[in-house]
Amino acid sequence: MSAAGRTWIRVGCLAAMLPWLGSDSRAQDLFVGDLMDHRISITAGFTGTDVFIYGAKDGPGDVVVVLRGPSVDYAVRRKERIVGIWLNTDRVDFQAVPSFYAVASSKPLDEVMSPAAQAREEIGVARLKMVPAGGGSASDVVPFADALVRVKQSTGLYQGDVATISFNHKPLFSGKVHFPANVPTGSYDVKVLLLRDGEVVGAQTIPLQISKGGADAWVYERAHDQSAAYGLCAIAGALLLGWAAHLVFRKI
Amino acid sequence: MQIYLPIAEISLNILLLLGIGTAVGFLSGMFGVGGGFLLTPILIFIGVPPPIAVATQANQVVGSSVSGLFAHWSKDNVDFKMGSVLLAGGFIGSTVGVVLFGILKRIGQIDLVINLAYVILLTSVGALMLFESLRAILRMRWRAGMPRKLHQHTWVHGLPLKMRFRRSRLYISALLPLGLGFVIGVLSAIMGVGGAFLMVPAMIYLLGMPTRIVVGTSLFQTIFVTANVTFLQSVQNHTVDIILAFVLLVGGVVGAQIGGRVGARLRVEILRVLLALLVLALGLRLSSDLIVTPAELYSLAPVGGGQ
């Protein structure tokens with residue numbers, strides 16, 4: 001069955017529960033969201049995947065979903081032309097930068113969320129805080145911070161304000177965010193926000209785990225944790241393949 | 001059909017990789033050149049990060065040299081004593097090279113150094129090869145069978161630590177093959193090549209070894225030096241992609257066998273001109289990456305753990 005098909009079965013179950021949930025005294029605050037998959041496994045042939053988000057809300061309002069990947073320290077290097085050749089010269093490090101960041105919303109972000117609320121919740125690629133390691137004057141650092149965002153956007157790892165949340169079957173909502181093939185592994189936080197009059201009135205955080213799976217994960221872990229054995233295996237495998245080729249072709 | 005390469009962390013088409021491996025193997029079998037210096041730039045073009053392309057290539061060369069060595073060994077075309085002295089230099093050189101590789105990677109200059117080394121290598125080897133093969137074609141037409149002077153006495157023979165190499169019929173200073181091995185070892189670590197393009201002419205013209213045993217002896221040294229590079233790169237830099245190496249190797253050994261058979265039947269002198277042009281083209285293409293203003297002046301790399 002397709003992932004989208006399974007989504008709608010789950011959404012259907014949620015819808016069936018709505019009247020019952022609705023008997024709660026804070027009925028108008030009812031707001032639930034969830035992910036189709038809480039685990040994504042990167043295996044051989046992985047070319048990227050879509051993560052499906054679905055949920056239900058009672059009453060008016062718009063939905064904004066923020067996906068944030070594990071924090072990583074990045075070195076941003078700038079190239080300069082020296083004797084005719086482009087080479088890396090200046091470097092600025094940034095601490096605890098999200099390795100992946102995407103915002104999906106039911107309407108363009110600025111229409112559903114006030115600038116003040118966006119700033120408070122740090123929502124949107126432009127509002128991500130870039131903290132340079134070891135200080136440095138702000139004006140020197142800005143082009144490097146901008147470049148970090150630009151490079152991330154060009155590789156699909158930062159996605160700003162994609163209006164992919166839809167209310168096809170009110171009060172249910174669903175949407176998806178695309179993870180490209182180069183998606184970083186680790187623990188993700190998915191925040192689902194309900195907005196009314198530009199302010200956040202409901203929020204929910206859902207964990208998402210992205211890990212290497214299958215034989216690839218095994219190879220990757222061996223390469224990092226048992227690197228000596230890995231190196232010896234690489235040599236032995238190459239020797240065996242070369243020897244096998246010699247045996248096979250000697251007969252022909 | 002895509003295959004995910006766990007260390008390079010990209011997906012590539014497995015048929016494309018097998019095809020590249022076979023094509024480069026075919027060329028190396030036909031012309032008796034190692035494929036490393038062709039394969040690494042091609043891997044970089046298709047998106048493999050340069051440090052991983054280089055280290056993985058060293059692993060691939062281990063395998064592709066083995067079948068070649070067996071063929072030369074069975075014809076008794078290997079000088080093991082000379083090979084061992086070359087190897088001693090090669091071990092020191094490749095160990096120094098891998099340490100250097102790690103330092104360059106940390107300061108963010110490894111991509112530049114790999115690129116620059118390949119530009120110099122490809123353009124000079126391509127130009128030499130073109131020159132040599134054009135000369136060979138001309139000589140073939142006009143001065144067929146001119147004998148080359150067998151032995152010349154130069155400064156090389158004045159060096160200390162003389163050693164007798166029976167198989168090579170030489171009595172020369174051990175410092176020469178040791179130094180040659182060292183240089184090849186450093187190149188092997190930084191560029192992932194076996195180094196035959198440099199070693200074979202140096203063995204013939206600098207050491208004065210008989211041409212017949214040169215290739216077998218250099219293959220003997222290559223296997224151990226590239227194995228050392230593979231091991232040290234795995235341990236220190238985690239840059240060897242075993243899956244990529246083995247896929248390339250499967251294509252490479254098959255291609256080399258076919259290439260060897262085709263090459264034995266054809267007059268390869270004219271084809272060698274084409275190879276020289278291909279090598280030159282690769283070198284120019286790589287140099288354009290260094291000279292043309294890049295679309296993005298900034299680059300991003302995680303700091304510390306992981307790569």
# chains A, B, ... in the order shown; residues from 1 in each chain; ligands from 1
call {"tool": "select_by_dssp", "arguments": {"residues": "range 2-228 of chain A", "states": "helix (DSSP H, G or I)", "output": "PyMOL selection string"}}
result
chain A and resi 3-21+27-29+109-112+115-121+125-127+138-154+214-225+227-228
call {"tool": "interface_residues", "arguments": {"of": "chain A", "to": "chain B", "cutoff": "8 Å", "atoms": "only C-alpha atoms", "output": "ChimeraX atom specification"}}
result
/A:43-47,72-80,84-88,93,144,147-148,151,181-182,216-217,219-220,223-224,227-228,230-232,234-235,237-243,245-246,249
call {"tool": "atom_distance", "arguments": {"atom1": "CA of Phe31 in chain B", "atom2": "CA of Ile213 in chain B"}}
result
16.6 Å
call {"tool": "closest_residue", "arguments": {"among": "A:Ala104, A:Ile40, A:Val64, A:Val51", "to": "Val201 in chain A", "atoms": "only C-alpha atoms"}}
result
A:Val64
call {"tool": "atom_distance", "arguments": {"atom1": "CA of Asp76 in chain B", "atom2": "CA of Arg164 in chain B"}}
result
18.4 Å
call {"tool": "select_by_dssp", "arguments": {"residues": "range 106-215 of chain B", "states": "strand (DSSP E or B)", "output": "VMD selection string"}}
result
chain B and resid 162 to 165 170 to 173
call {"tool": "write_last_selection", "arguments": {"atoms": "C-alpha atoms", "output": "PDB file, in the first residue's frame"}}
result
ATOM      1  CA  LYS B 162      76.111   0.074  -2.914  1.00  0.00           C
ATOM      2  CA  MET B 163      74.091  -3.097  -3.258  1.00  0.00           C
ATOM      3  CA  ARG B 164      74.090  -5.912  -5.796  1.00  0.00           C
ATOM      4  CA  PHE B 165      70.777  -6.688  -7.517  1.00  0.00           C
ATOM      5  CA  LEU B 170      72.871  -3.936 -11.289  1.00  0.00           C
ATOM      6  CA  TYR B 171      75.371  -2.815  -8.661  1.00  0.00           C
ATOM      7  CA  ILE B 172      74.012   0.505  -7.424  1.00  0.00           C
ATOM      8  CA  SER B 173      73.489   2.525  -4.266  1.00  0.00           C
TER       9      SER B 173
END
call {"tool": "residues_around", "arguments": {"residues": "Leu134 in chain B", "least_positions_apart": "5", "cutoff": "9 Å", "atoms": "only C-alpha atoms", "output": "PyMOL selection string"}}
result
chain B and resi 129+139+269-270+272-273
call {"tool": "write_last_selection", "arguments": {"atoms": "N, CA and C atoms", "output": "CSV table (one decimal), in the first residue's frame"}}
result
chain,number,residue,atom,x,y,z
B,129,MET,N,53.5,11.6,-22.7
B,129,MET,CA,53.0,10.4,-23.4
B,129,MET,C,52.7,10.7,-24.8
B,139,ARG,N,59.6,7.1,-35.3
B,139,ARG,CA,60.8,6.2,-35.4
B,139,ARG,C,60.5,4.9,-36.1
B,269,GLU,N,50.3,2.0,-30.8
B,269,GLU,CA,51.0,3.3,-30.9
B,269,GLU,C,50.1,4.4,-31.2
B,270,ILE,N,49.2,4.2,-32.1
B,270,ILE,CA,48.3,5.3,-32.5
B,270,ILE,C,47.2,5.5,-31.5
B,272,ARG,N,47.7,5.0,-28.4
B,272,ARG,CA,48.4,5.7,-27.3
B,272,ARG,C,48.3,7.2,-27.4
B,273,VAL,N,48.3,7.7,-28.6
B,273,VAL,CA,48.1,9.1,-28.8
B,273,VAL,C,46.8,9.6,-28.3
call {"tool": "atom_distance", "arguments": {"atom1": "CA of Ser41 in chain A", "atom2": "CA of Gly213 in chain A"}}
result
5.0 Å
call {"tool": "residues_around", "arguments": {"residues": "Gly202 in chain A", "least_positions_apart": "5", "cutoff": "9 Å", "atoms": "only C-alpha atoms", "output": "VMD selection string"}}
result
chain A and resid 29 to 31 192 to 195
call {"tool": "residues_around", "arguments": {"residues": "Leu282 in chain B", "least_positions_apart": "3", "cutoff": "9 Å", "atoms": "only C-alpha atoms", "output": "MDAnalysis selection string"}}
result
chainID B and resid 38 41:42 119 122:123 277:279 285:287
